[in-house]
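Chemist: Coordinates in model.cif, mmCIF, C-alpha atoms, are listed below.
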data_upload
loop_
_atom_site.label_atom_id
_atom_site.label_comp_id
_atom_site.auth_asym_id
_atom_site.auth_seq_id
_atom_site.Cartn_x
_atom_site.Cartn_y
_atom_site.Cartn_z
CA MET A 16 48.75 173.41 111.56
CA LYS A 17 46.48 175.87 109.76
CA GLU A 18 42.90 176.17 110.98
CA ALA A 19 41.51 175.79 107.45
CA ILE A 20 43.29 172.44 106.99
CA LEU A 21 42.01 171.17 110.34
CA GLU A 22 38.46 172.11 109.37
CA LYS A 23 38.81 170.21 106.10
CA LEU A 24 40.22 167.27 108.02
CA LYS A 25 37.12 167.07 110.22
CA VAL A 26 34.80 167.08 107.22
CA LEU A 27 36.73 164.65 105.00
CA ALA A 28 37.64 162.18 107.75
CA GLU A 29 33.94 161.95 108.62
CA SER A 30 33.07 161.35 104.97
CA ALA A 31 35.67 158.57 104.67
CA LYS A 32 34.58 156.51 107.67
CA TYR A 33 32.10 154.33 105.75
CA ASP A 34 34.79 152.74 103.59
CA VAL A 35 35.96 149.64 105.49
CA SER A 36 38.50 148.25 103.02
CA CYS A 37 41.64 149.56 104.66
CA ALA A 38 43.80 146.75 106.02
CA SER A 39 47.56 147.20 105.89
CA SER A 40 49.13 143.86 105.01
CA GLY A 41 51.16 141.91 102.56
CA THR A 42 54.09 144.25 102.00
CA VAL A 43 57.34 145.25 103.69
CA ARG A 44 58.79 148.68 102.86
CA ARG A 45 61.72 149.45 105.18
CA ASN A 46 62.87 152.84 106.32
CA VAL A 47 66.01 154.19 104.65
CA PRO A 48 68.50 156.84 105.79
CA GLY A 49 67.04 160.26 105.12
CA GLY A 50 63.56 158.83 104.52
CA LEU A 51 60.32 158.85 106.50
CA GLY A 52 58.23 155.94 107.76
CA ASN A 53 57.92 152.25 107.06
CA THR A 54 55.04 149.82 106.59
CA VAL A 55 55.83 147.78 109.68
CA GLY A 56 56.20 150.41 112.34
CA GLY A 57 53.74 151.09 115.27
CA MET A 58 40.10 162.50 113.92
CA GLY A 59 40.76 160.36 110.55
CA ILE A 60 42.94 157.68 112.07
CA CYS A 61 41.94 154.04 111.72
CA HIS A 62 43.63 150.93 113.08
CA SER A 63 44.46 148.11 110.73
CA PHE A 64 46.41 144.90 111.10
CA THR A 65 49.30 143.37 109.19
CA GLU A 66 49.34 139.70 108.23
CA ASP A 67 51.42 138.86 111.30
CA GLY A 68 48.91 140.57 113.62
CA ARG A 69 50.64 143.90 114.24
CA CYS A 70 48.41 146.95 114.55
CA VAL A 71 49.19 150.00 112.44
CA SER A 72 47.53 153.40 112.35
CA LEU A 73 46.44 154.90 109.04
CA LEU A 74 45.29 158.39 108.15
CA LYS A 75 41.96 157.53 106.51
CA ILE A 76 40.97 160.54 104.46
CA MET A 77 39.27 161.66 101.27
CA LEU A 78 40.75 164.09 98.78
CA THR A 79 37.26 165.58 98.40
CA ASN A 80 33.69 164.68 99.28
CA TYR A 81 32.24 166.52 96.31
CA CYS A 82 30.88 163.95 93.86
CA ILE A 83 29.22 164.00 90.45
CA TYR A 84 27.44 160.70 91.20
CA ASP A 85 24.14 160.30 93.06
CA CYS A 86 24.49 156.77 94.51
CA ALA A 87 21.55 155.99 96.79
CA TYR A 88 23.64 154.36 99.54
CA CYS A 89 26.39 157.01 99.77
CA ILE A 90 26.49 159.87 102.28
CA ASN A 91 28.51 161.94 99.80
CA ARG A 92 25.96 161.65 96.97
CA ARG A 93 25.45 164.71 94.81
CA SER A 94 21.91 165.44 96.07
CA ASN A 95 22.79 165.41 99.80
CA ASP A 96 22.99 168.75 101.57
CA ILE A 97 26.16 168.16 103.59
CA GLN A 98 29.24 170.20 104.34
CA ARG A 99 31.74 169.82 101.49
CA ALA A 100 35.50 170.25 101.40
CA THR A 101 38.48 169.59 99.13
CA PHE A 102 42.16 169.23 99.92
CA THR A 103 44.74 170.53 97.51
CA VAL A 104 47.53 168.09 96.70
CA SER A 105 50.06 170.05 98.75
CA GLU A 106 47.71 170.30 101.76
CA LEU A 107 47.13 166.55 101.88
CA VAL A 108 50.82 165.79 101.48
CA GLU A 109 51.67 168.23 104.27
CA LEU A 110 48.96 166.79 106.52
CA THR A 111 50.25 163.24 106.06
CA ILE A 112 53.85 164.21 106.80
CA GLU A 113 52.89 166.28 109.87
CA PHE A 114 50.76 163.45 111.27
CA TYR A 115 53.63 161.04 110.76
CA ARG A 116 56.16 163.34 112.43
CA ARG A 117 53.86 163.55 115.46
CA ASN A 118 53.69 159.74 115.56
CA TYR A 119 49.92 159.76 114.97
CA ILE A 120 50.03 157.49 111.93
CA GLU A 121 52.17 154.96 110.11
CA GLY A 122 50.48 155.14 106.72
CA LEU A 123 47.79 156.63 104.50
CA PHE A 124 44.44 155.38 103.19
CA LEU A 125 43.35 157.75 100.40
CA SER A 126 39.99 157.77 98.66
CA SER A 127 37.87 160.46 97.04
CA GLY A 128 34.56 161.50 95.62
CA VAL A 129 34.53 161.98 91.85
CA VAL A 130 34.79 165.57 90.65
CA ARG A 131 34.53 166.58 86.96
CA ASN A 132 35.40 163.08 85.72
CA PRO A 133 37.27 159.95 86.94
CA ASP A 134 40.58 160.90 85.29
CA TYR A 135 40.61 164.40 86.80
CA THR A 136 40.13 162.97 90.30
CA MET A 137 42.52 160.06 89.90
CA GLU A 138 45.26 162.31 88.53
CA ARG A 139 45.23 164.39 91.73
CA MET A 140 45.23 161.32 93.96
CA VAL A 141 48.23 159.93 92.10
CA ARG A 142 50.03 163.27 92.53
CA VAL A 143 49.55 162.98 96.31
CA VAL A 144 51.15 159.54 96.60
CA LYS A 145 53.85 160.40 94.06
CA ASP A 146 54.87 163.53 95.98
CA LEU A 147 54.96 161.56 99.24
CA ARG A 148 57.26 158.92 97.74
CA THR A 149 59.54 161.04 95.57
CA MET A 150 59.70 164.46 97.25
CA HIS A 151 59.44 163.43 100.91
CA ARG A 152 60.79 159.87 100.58
CA PHE A 153 57.86 158.59 102.64
CA ASN A 154 58.14 154.81 103.07
CA GLY A 155 55.01 154.25 105.13
CA TYR A 156 52.11 152.13 103.96
CA ILE A 157 49.86 153.71 101.28
CA HIS A 158 46.49 152.33 100.23
CA LEU A 159 45.15 154.12 97.16
CA LYS A 160 41.57 153.83 95.95
CA SER A 161 41.31 153.61 92.19
CA ILE A 162 38.44 155.57 90.67
CA PRO A 163 36.12 153.40 88.51
CA GLY A 164 36.35 154.46 84.89
CA CYS A 165 39.77 156.11 85.10
CA SER A 166 42.44 155.54 82.43
CA ARG A 167 44.98 152.74 82.38
CA GLU A 168 47.90 155.20 82.46
CA LEU A 169 46.78 156.66 85.81
CA VAL A 170 46.20 153.23 87.37
CA THR A 171 49.66 152.16 86.20
CA GLU A 172 51.33 155.27 87.59
CA GLY A 173 49.49 155.03 90.92
CA GLY A 174 50.45 151.38 91.30
CA LEU A 175 54.15 152.30 91.26
CA TYR A 176 53.78 154.34 94.45
CA ALA A 177 51.00 152.57 96.38
CA ASP A 178 51.38 149.40 98.46
CA ARG A 179 47.79 148.38 97.84
CA MET A 180 45.07 149.58 95.48
CA SER A 181 41.37 148.87 95.58
CA VAL A 182 38.25 149.40 93.50
CA ASN A 183 34.95 149.04 95.35
CA LEU A 184 32.42 146.70 93.76
CA GLU A 185 29.78 148.09 96.19
CA ILE A 186 26.78 145.96 95.10
CA PRO A 187 27.10 142.20 94.33
CA SER A 188 24.90 142.26 91.19
CA GLU A 189 25.03 144.68 88.26
CA GLN A 190 21.24 144.90 88.09
CA ASN A 191 21.00 146.28 91.63
CA LEU A 192 24.08 148.46 91.16
CA THR A 193 22.34 150.09 88.19
CA LEU A 194 19.22 150.57 90.31
CA LEU A 195 21.02 152.30 93.19
CA ALA A 196 23.86 153.94 91.25
CA PRO A 197 22.63 154.66 87.70
CA GLU A 198 25.90 156.35 86.67
CA LYS A 199 27.98 153.25 87.53
CA ASN A 200 28.35 149.84 85.93
CA PHE A 201 30.43 146.69 86.41
CA GLN A 202 32.59 147.41 83.37
CA ASN A 203 33.95 150.61 84.93
CA VAL A 204 34.70 148.67 88.15
CA PHE A 205 36.27 145.55 86.67
CA THR A 206 38.38 147.39 84.08
CA PRO A 207 40.71 149.09 86.63
CA MET A 208 40.75 145.80 88.58
CA ARG A 209 42.11 144.16 85.44
CA TYR A 210 44.67 146.94 84.97
CA ILE A 211 45.94 146.39 88.52
CA GLN A 212 46.14 142.64 87.99
CA GLN A 213 48.02 143.01 84.72
CA GLY A 214 50.42 145.49 86.28
CA MET A 215 51.17 143.12 89.16
CA LEU A 216 51.80 140.15 86.85
CA GLN A 217 54.06 142.27 84.63
CA SER A 218 55.96 143.49 87.67
CA LEU A 219 56.57 139.93 88.87
CA GLU A 220 57.86 138.95 85.45
CA ASP A 221 60.16 141.99 85.30
CA ARG A 222 61.58 141.28 88.74
CA ARG A 223 62.47 137.75 87.70
CA LYS A 224 64.69 139.24 84.99
CA PHE A 225 65.85 142.45 86.71
CA ARG A 226 66.40 142.42 90.44
CA HIS A 227 65.77 146.14 90.93
CA ALA A 228 62.75 146.48 88.65
CA PRO A 229 60.07 148.69 90.29
CA ARG A 230 57.41 146.91 92.33
CA PHE A 231 53.76 147.39 91.37
CA VAL A 232 51.14 147.24 94.17
CA PRO A 233 53.16 144.71 96.21
CA ALA A 234 50.33 144.14 98.71
CA GLY A 235 47.79 143.35 95.96
CA GLN A 236 44.31 144.75 95.57
CA SER A 237 41.08 144.61 97.55
CA THR A 238 37.43 145.50 97.10
CA GLN A 239 34.30 146.10 99.16
CA MET A 240 30.66 145.02 98.96
CA ILE A 241 27.76 146.57 100.86
CA VAL A 242 25.68 143.96 102.71
CA GLY A 243 21.96 144.49 103.24
CA ALA A 244 21.25 147.39 100.88
CA THR A 245 19.96 145.01 98.18
CA PRO A 246 18.16 141.63 98.35
CA GLU A 247 21.11 139.39 97.42
CA ASN A 248 21.50 136.48 99.82
CA ASP A 249 24.74 135.25 101.33
CA ARG A 250 25.13 132.59 98.66
CA ASP A 251 25.16 135.27 95.94
CA ILE A 252 27.69 137.38 97.86
CA LEU A 253 30.04 134.45 98.53
CA ARG A 254 29.89 133.34 94.90
CA VAL A 255 31.05 136.79 93.81
CA SER A 256 33.82 136.74 96.44
CA SER A 257 34.94 133.28 95.36
CA ALA A 258 35.16 134.42 91.74
CA LEU A 259 37.20 137.46 92.77
CA TYR A 260 39.62 135.34 94.81
CA ARG A 261 40.37 133.29 91.73
CA ARG A 262 42.12 136.38 90.39
CA PRO A 263 45.80 136.16 91.40
CA SER A 264 45.94 139.81 92.50
CA MET A 265 42.86 139.87 94.78
CA LYS A 266 43.90 139.72 98.43
CA ARG A 267 40.82 140.78 100.37
CA VAL A 268 37.10 141.24 99.90
CA TYR A 269 35.57 143.45 102.58
CA TYR A 270 31.93 143.38 103.66
CA SER A 271 30.28 146.54 104.92
CA GLY A 272 26.95 146.26 106.72
CA TYR A 273 24.52 148.69 105.10
CA ILE A 274 24.05 151.84 107.17
CA PRO A 275 20.87 153.80 106.30
CA VAL A 276 22.48 157.22 105.92
CA ASN A 277 19.92 158.23 103.27
CA ALA A 278 16.71 156.93 104.82
CA TYR A 279 14.60 159.18 102.59
CA ASP A 280 15.51 157.20 99.44
CA LYS A 281 12.71 154.68 98.82
CA ARG A 282 15.00 152.37 96.82
CA LEU A 283 16.77 151.43 100.04
CA PRO A 284 15.52 149.13 102.82
CA ALA A 285 14.34 150.73 106.05
CA LEU A 286 16.71 149.02 108.49
CA PRO A 287 16.84 150.13 112.15
CA GLN A 288 20.58 149.38 112.30
CA ALA A 289 23.43 147.90 110.28
CA PRO A 290 23.31 144.06 109.95
CA LEU A 291 26.55 143.62 111.90
CA VAL A 292 26.01 139.95 112.80
CA ARG A 293 25.51 139.07 109.15
CA GLU A 294 28.61 141.07 108.25
CA ASN A 295 30.60 139.12 110.87
CA ARG A 296 29.36 135.76 109.53
CA LEU A 297 30.39 136.75 106.02
CA TYR A 298 33.89 137.54 107.24
CA GLN A 299 34.04 134.13 108.92
CA ALA A 300 32.87 132.46 105.71
CA ASP A 301 35.41 134.47 103.75
CA TRP A 302 38.13 133.19 106.10
CA LEU A 303 37.01 129.61 105.46
CA MET A 304 37.39 130.11 101.71
CA ARG A 305 40.81 131.76 101.99
CA PHE A 306 42.52 129.60 104.60
CA TYR A 307 40.49 126.46 105.30
CA GLY A 308 39.91 125.07 101.82
CA PHE A 309 36.12 125.50 101.76
CA ASP A 310 34.26 126.22 98.53
CA ALA A 311 31.55 128.88 98.47
CA GLU A 312 28.94 126.23 97.62
CA GLU A 313 29.81 124.26 100.75
CA ILE A 314 29.20 127.27 102.96
CA ALA A 315 26.01 128.60 101.34
CA ASN A 316 24.05 126.84 98.59
CA ASP A 317 20.55 126.57 97.15
CA LEU A 318 19.31 124.62 100.18
CA HIS A 319 20.92 127.02 102.65
CA PRO A 320 21.24 130.37 100.82
CA ASP A 321 21.85 132.42 103.97
CA LEU A 322 24.38 131.93 106.76
CA ASP A 323 23.15 130.89 110.18
CA LEU A 324 23.35 133.96 112.39
CA ASP A 325 23.42 131.96 115.65
CA ILE A 326 26.50 129.83 114.90
CA ASP A 327 29.66 130.29 112.86
CA PRO A 328 29.77 128.91 109.27
CA LYS A 329 32.20 126.06 110.02
CA LEU A 330 30.06 124.73 112.86
CA SER A 331 26.99 125.10 110.65
CA TRP A 332 28.66 123.05 107.91
CA ALA A 333 29.75 120.36 110.38
CA LEU A 334 26.23 120.01 111.79
CA ARG A 335 24.86 119.59 108.27
CA HIS A 336 27.47 116.91 107.45
CA PRO A 337 27.73 114.53 110.44
CA GLU A 338 28.89 111.78 108.07
CA PHE A 339 32.40 113.31 108.07
CA PHE A 340 32.75 112.90 111.83
CA PRO A 341 34.13 111.94 114.27
CA ILE A 342 37.73 112.02 113.09
CA ASP A 343 40.77 110.70 114.95
CA VAL A 344 43.11 113.63 115.56
CA ASN A 345 46.04 111.23 115.75
CA THR A 346 45.59 109.96 112.18
CA ALA A 347 43.49 112.50 110.21
CA ASP A 348 45.22 114.56 107.51
CA TYR A 349 45.66 118.32 107.69
CA GLN A 350 42.74 119.26 105.40
CA LEU A 351 40.33 117.11 107.41
CA LEU A 352 41.53 118.61 110.68
CA LEU A 353 40.72 122.07 109.31
CA ARG A 354 37.08 120.98 108.95
CA VAL A 355 36.70 120.38 112.69
CA PRO A 356 34.95 123.19 114.61
CA GLY A 357 37.31 124.47 117.26
CA ILE A 358 40.51 123.61 115.35
CA GLY A 359 42.17 126.51 113.55
CA VAL A 360 45.01 126.69 111.07
CA LYS A 361 47.69 127.06 113.73
CA SER A 362 46.30 124.21 115.86
CA ALA A 363 45.99 121.88 112.86
CA LYS A 364 49.61 122.51 111.89
CA LEU A 365 50.77 121.84 115.45
CA ILE A 366 48.82 118.58 115.57
CA VAL A 367 50.30 117.31 112.30
CA ALA A 368 53.84 118.35 113.27
CA SER A 369 53.73 116.99 116.85
CA ARG A 370 51.83 113.72 116.70
CA ARG A 371 54.81 111.88 115.21
CA PHE A 372 56.29 111.99 118.71
CA GLY A 373 53.25 110.54 120.46
CA HIS A 374 49.46 110.45 120.66
CA PHE A 375 47.44 113.53 121.61
CA THR A 376 45.19 113.60 124.63
CA SER A 377 42.32 115.99 125.28
CA ALA A 378 44.43 117.98 127.76
CA GLN A 379 47.23 118.36 125.22
CA LEU A 380 44.79 119.47 122.53
CA LYS A 381 43.47 122.15 124.86
CA LYS A 382 47.01 123.37 125.60
CA ILE A 383 47.80 123.96 121.93
CA GLY A 384 44.69 126.07 121.42
CA VAL A 385 41.94 123.66 120.34
CA VAL A 386 38.52 124.89 121.53
CA MET A 387 37.43 121.64 123.15
CA LYS A 388 33.97 122.98 123.93
CA LYS A 389 33.25 122.68 120.19
CA ALA A 390 35.74 120.08 119.05
CA GLN A 391 34.74 117.38 121.56
CA TYR A 392 31.67 116.46 119.50
CA PHE A 393 33.63 115.98 116.27
CA ILE A 394 36.88 114.24 117.23
CA THR A 395 38.16 111.16 119.02
CA CYS A 396 41.41 110.43 120.81
CA ARG A 397 42.45 108.01 123.51
CA GLU A 398 41.10 109.99 126.44
CA LEU A 399 37.88 111.38 124.98
CA PRO A 400 34.60 109.76 126.06
CA VAL A 401 32.18 108.39 123.48
CA HIS A 402 30.11 111.56 123.24
CA THR A 403 30.40 112.60 119.59
CA ILE A 404 27.85 114.06 117.20
CA HIS A 405 26.52 110.56 116.48
CA GLU A 406 26.03 109.54 120.11
CA THR A 407 24.12 112.78 120.62
CA THR A 408 22.50 114.47 117.58
CA PRO A 409 23.30 117.57 115.50
CA GLU A 410 20.30 119.23 117.13
CA TYR A 411 21.64 118.52 120.63
CA VAL A 412 25.11 119.81 119.74
CA ARG A 413 23.64 123.01 118.35
CA MET A 414 21.54 123.52 121.47
CA ALA A 415 24.46 122.75 123.79
CA LEU A 416 26.67 125.34 122.07
CA THR A 417 24.09 128.11 121.65
CA GLU A 418 21.75 127.94 124.65
CA PRO A 419 24.29 129.14 127.28
CA LYS A 420 25.11 132.11 125.07
CA LYS A 421 21.43 132.94 124.59
CA ARG A 422 20.80 132.70 128.33
CA LYS A 423 23.71 135.04 129.00
CA MET A 424 22.40 137.55 126.43
CA LEU A 425 18.94 137.37 128.04
CA TYR A 426 20.45 137.90 131.51
CA ASP A 427 22.51 140.88 130.31
CA ARG A 428 19.42 142.39 128.73
CA GLN A 429 17.47 141.98 131.98
CA GLN A 430 20.27 143.60 133.98
CA LEU A 431 20.37 146.57 131.62
CA THR A 432 16.59 146.94 131.93
CA LEU A 433 16.80 146.96 135.73
CA LEU A 434 19.71 149.42 135.65
CA PHE A 435 17.86 151.96 133.50
CA ALA A 436 14.66 151.42 135.50
CA ASP A 437 16.52 152.51 138.65
#
Can the structure in the file be given as C-alpha cells, please?
Modeler:
Amino acid sequence: MKEAILEKLKVLAESAKYDVSCASSGTVRRNVPGGLGNTVGGMGICHSFTEDGRCVSLLKIMLTNYCIYDCAYCINRRSNDIQRATFTVSELVELTIEFYRRNYIEGLFLSSGVVRNPDYTMERMVRVVKDLRTMHRFNGYIHLKSIPGCSRELVTEGGLYADRMSVNLEIPSEQNLTLLAPEKNFQNVFTPMRYIQQGMLQSLEDRRKFRHAPRFVPAGQSTQMIVGATPENDRDILRVSSALYRRPSMKRVYYSGYIPVNAYDKRLPALPQAPLVRENRLYQADWLMRFYGFDAEEIANDLHPDLDLDIDPKLSWALRHPEFFPIDVNTADYQLLLRVPGIGVKSAKLIVASRRFGHFTSAQLKKIGVVMKKAQYFITCRELPVHTIHETTPEYVRMALTEPKKRKMLYDRQQLTLLFAD
C-alpha cells in the first residue's frame, strides 16, 4: 500500500474516533459468487456488534477532516491548527477493498468534514459507497453519514447502497446548538432524517408489490448526542431520544460523553474528563425505553431530572415505586416481570414460557439468569424468605446493593496508592 495513503489513514482515522454511532446491526447482506464480503462475517478499525451479539470489525474513517464549520466541540473545526488530509474517492475505495482482502475488516463506517458545501461533500461520499457496491461488488456492511443540509437526491442515492445512514443531532437543544455551532441548525439535521425515513417507507411499500425492488437503508438510521457539553439534564436528553424513537426509521440514539478537545473555547465546560458514568446510565435508560416498555418520564422527570450515577435506572425506578412490589414470579405478567431489577428480557420470557410446567424456586430463577442479588427484594416465590422491599426499606436496599461496591472501589484505590508509593 502506498505510503501517502497510509499517512492519510493515520490522520483521518484519528479524526474519526470521536464519532461513536457506528453499530453494525439490523441487516443481512449475504456474499454472492464473484462478490466480496458480507454483513455477518467475522489504525481506523472499530468493533461493533450485530443484534444477535456477533462482533464485526469496521474501517472507521473520514473522507476528509477539512471543514468549513467552526463547531466549538469538534476537533476538526475550521480554526484548529491540526494536520489535515483528504482521500480521493478511488483511494478510499482501494483502501477498503485492501483491508477486507487482508481480513482486517468486515465493513465500512464513512463520515466526513464538510468541504465547500454539504452537497459537494455528500456527492463524493456517495461515489465511494456506489463504487464499492457496483464496481467491486462489495457486500460488507456500510454505514454512511449523511451531511446535514445536503440535497434529497444525494440522500436517496446514498440510501440505495448503504446498510445504515445517520445524521448527528450533536446537541439536544437548538438554542445550545446555535451557541456552539453557529453555522448549524435543527432544520438542516432533521431534513435529511426525514428524507431517510421517507425513503425507507417507500422502499417497504415497493417491496410489498415487487419482490426484487431495491432496498433502502435496510438497517435504519441512527443519530448521536454529545453529553456534558451543554447544561441539558438527563430528562431533556431522554425526551429528545423518546421523540426520535417514535419515528419508524430510527433504530439507535448514541450518547457520546463530552471530551474537552478544545479546552481554550470559553463556551465549553472545563471538565477534567469525559462523563463516562453518565453516558453509561443514559445507555441503560435508552435500553429501558427500547426493550422494557419504560417511558422517558418514568425514568427521569421534573422531580428527578438526572439519573442516579450510583445505581442503574431500573433499580432507581423500583426504589422510588415500592408500591409495585413485591410481585409473584409465578403469576405476574411479562410486562410486570420486566420492571423487576435483576430480570432481563431473556429471563422474563423464560419465566413466562416455563412456569406453565411448574412453580419457580429461587434456585431455578438463578439458573435461568435472574440476578437474585437484586431481584430478591422485589419478588416472591415459594422458597424466598419474607425479606422484600417492604420488610426492609428502599433506603436499606439501596445501601445493601451499593455499599459493597463502594468499599471495593475504596480498597482498589488504596491498593493503587500503595503500589505507586512503593
Chemist: Could you check which of A:Ser264, A:Asn118, A:Thr79, A:Asn316 is closest to Phe102 in chain A, using only C-alpha atoms?
Modeler: A:Thr79
Chemist: Which of these residues is nearest to Ala333 in chain A, using only C-alpha atoms: A:His374, A:Arg223, A:Arg296, A:His405?
Modeler: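 Nearest candidate to Ala333 in chain A out of A:His374, A:Arg223, A:Arg296, A:His405: A:His405.
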Chemist: For range 343-349 of chain A, please output as number ranges by chain all residues within 10 Å (counting only C-alpha atoms; exclusion window: fewer than 2 positions along the same chain).
Modeler: A: 307, 340-341, 351-355, 360, 363-371, 373-376, 380, 393-397
Chemist: List every protein, DNA or RNA residue with an atom no more than 7 Å from (50.0, 166.3, 95.0) in the file's coordinates, counting only C-alpha atoms, and format the result as a ChimeraX atom specification.
Modeler: /A:104-105,108,139-140,142-143,146
Chemist: Please work out which residues fall within 12 Å of (16.4, 149.0, 105.9), coordinates as given in the file, with all atoms listed in the file counting, and return them as a ChimeraX atom specification.
Modeler: /A:88,242-246,272-290
Chemist: With C-alpha atoms retained, could you export that selection as a PDB file, keeping the file's coordinate frame?
Modeler:
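Below is the file that was written, again00.pdb:
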ATOM      1  CA  TYR A  88      23.640 154.360  99.540  1.00  0.00           C
ATOM      2  CA  VAL A 242      25.680 143.960 102.710  1.00  0.00           C
ATOM      3  CA  GLY A 243      21.960 144.490 103.240  1.00  0.00           C
ATOM      4  CA  ALA A 244      21.250 147.390 100.880  1.00  0.00           C
ATOM      5  CA  THR A 245      19.960 145.010  98.180  1.00  0.00           C
ATOM      6  CA  PRO A 246      18.160 141.630  98.350  1.00  0.00           C
ATOM      7  CA  GLY A 272      26.950 146.260 106.720  1.00  0.00           C
ATOM      8  CA  TYR A 273      24.520 148.690 105.100  1.00  0.00           C
ATOM      9  CA  ILE A 274      24.050 151.840 107.170  1.00  0.00           C
ATOM     10  CA  PRO A 275      20.870 153.800 106.300  1.00  0.00           C
ATOM     11  CA  VAL A 276      22.480 157.220 105.920  1.00  0.00           C
ATOM     12  CA  ASN A 277      19.920 158.230 103.270  1.00  0.00           C
ATOM     13  CA  ALA A 278      16.710 156.930 104.820  1.00  0.00           C
ATOM     14  CA  TYR A 279      14.600 159.180 102.590  1.00  0.00           C
ATOM     15  CA  ASP A 280      15.510 157.200  99.440  1.00  0.00           C
ATOM     16  CA  LYS A 281      12.710 154.680  98.820  1.00  0.00           C
ATOM     17  CA  ARG A 282      15.000 152.370  96.820  1.00  0.00           C
ATOM     18  CA  LEU A 283      16.770 151.430 100.040  1.00  0.00           C
ATOM     19  CA  PRO A 284      15.520 149.130 102.820  1.00  0.00           C
ATOM     20  CA  ALA A 285      14.340 150.730 106.050  1.00  0.00           C
ATOM     21  CA  LEU A 286      16.710 149.020 108.490  1.00  0.00           C
ATOM     22  CA  PRO A 287      16.840 150.130 112.150  1.00  0.00           C
ATOM     23  CA  GLN A 288      20.580 149.380 112.300  1.00  0.00           C
ATOM     24  CA  ALA A 289      23.430 147.900 110.280  1.00  0.00           C
ATOM     25  CA  PRO A 290      23.310 144.060 109.950  1.00  0.00           C
TER      26      PRO A 290
END
Chemist: For a test of reading the model, state the distance in Å between CA of Leu195 in chain A and CA of Leu125 in chain A, rounded to one decimal.
Modeler: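 Those two atoms sit 24.1 Å apart.
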Chemist: Enumerate, as a count of residues only, the residues matched when the PyMOL selection byres ((chain A and resi 298) around 12) is run on the file above.
Modeler: 31
Chemist: Apply the PyMOL selection byres ((chain A and resi 133) around 9) to the structure shown and report the selected residues as number ranges by chain.
Modeler: A: 129-132, 134-138, 162-166
Chemist: Give me, please, the distance in Å between CA of Gly359 in chain A and CA of Val385 in chain A, quoted to one decimal.
Modeler: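 Interatomic distance here is 7.4 Å.
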Chemist: Select, from A:Ala31, A:Pro337, A:Pro187, A:Gly308, the residue with the minimum atom-to-atom distance to Gln350 in chain A, counting only C-alpha atoms.
Modeler: A:Gly308
Chemist: If I take CA of Ile326 in chain A and CA of Leu416 in chain A, how far is one from the other in Å, to one decimal?
Modeler: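 Between CA of Ile326 in chain A and CA of Leu416 in chain A the gap works out to 8.5 Å.
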Chemist: I'd like to know which of A:Thr111, A:Leu175, A:Leu194, A:Lys75 is closest to Ala228 in chain A, using all atoms listed in the file.
Modeler: A:Leu175
Chemist: Determine, counting all atoms listed in the file, which protein, DNA and RNA residues have an atom within 12 Å of an atom of Glu189 in chain A; residues of the same chain fewer than 6 positions away are not included. Present the result as a ChimeraX atom specification.
Modeler: /A:195-205,245,247,255
Chemist: I need the residue nearest Lys32 in chain A from this list: A:Cys82, A:Ile186, A:Ala19, A:Ile90. Use only C-alpha atoms for the distance.
Modeler: A:Ile90
Chemist: Go through A:Leu27, A:Leu330, A:Met180, A:Ile20 and flag the residue nearest Glu109 in chain A, using all atoms listed in the file for the distances.
Modeler: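 Among the listed residues, A:Ile20 lies closest to Glu109 in chain A.
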Chemist: For Gly173 in chain A, find every residue with an atom within 9 Å (counting all atoms listed in the file), except residues of its own chain fewer than 3 positions away, and show them as a VMD selection string.
Modeler: chain A and resid 137 to 138 140 to 142 144 to 145 159 161 168 to 170 176 to 177 180 231 to 232
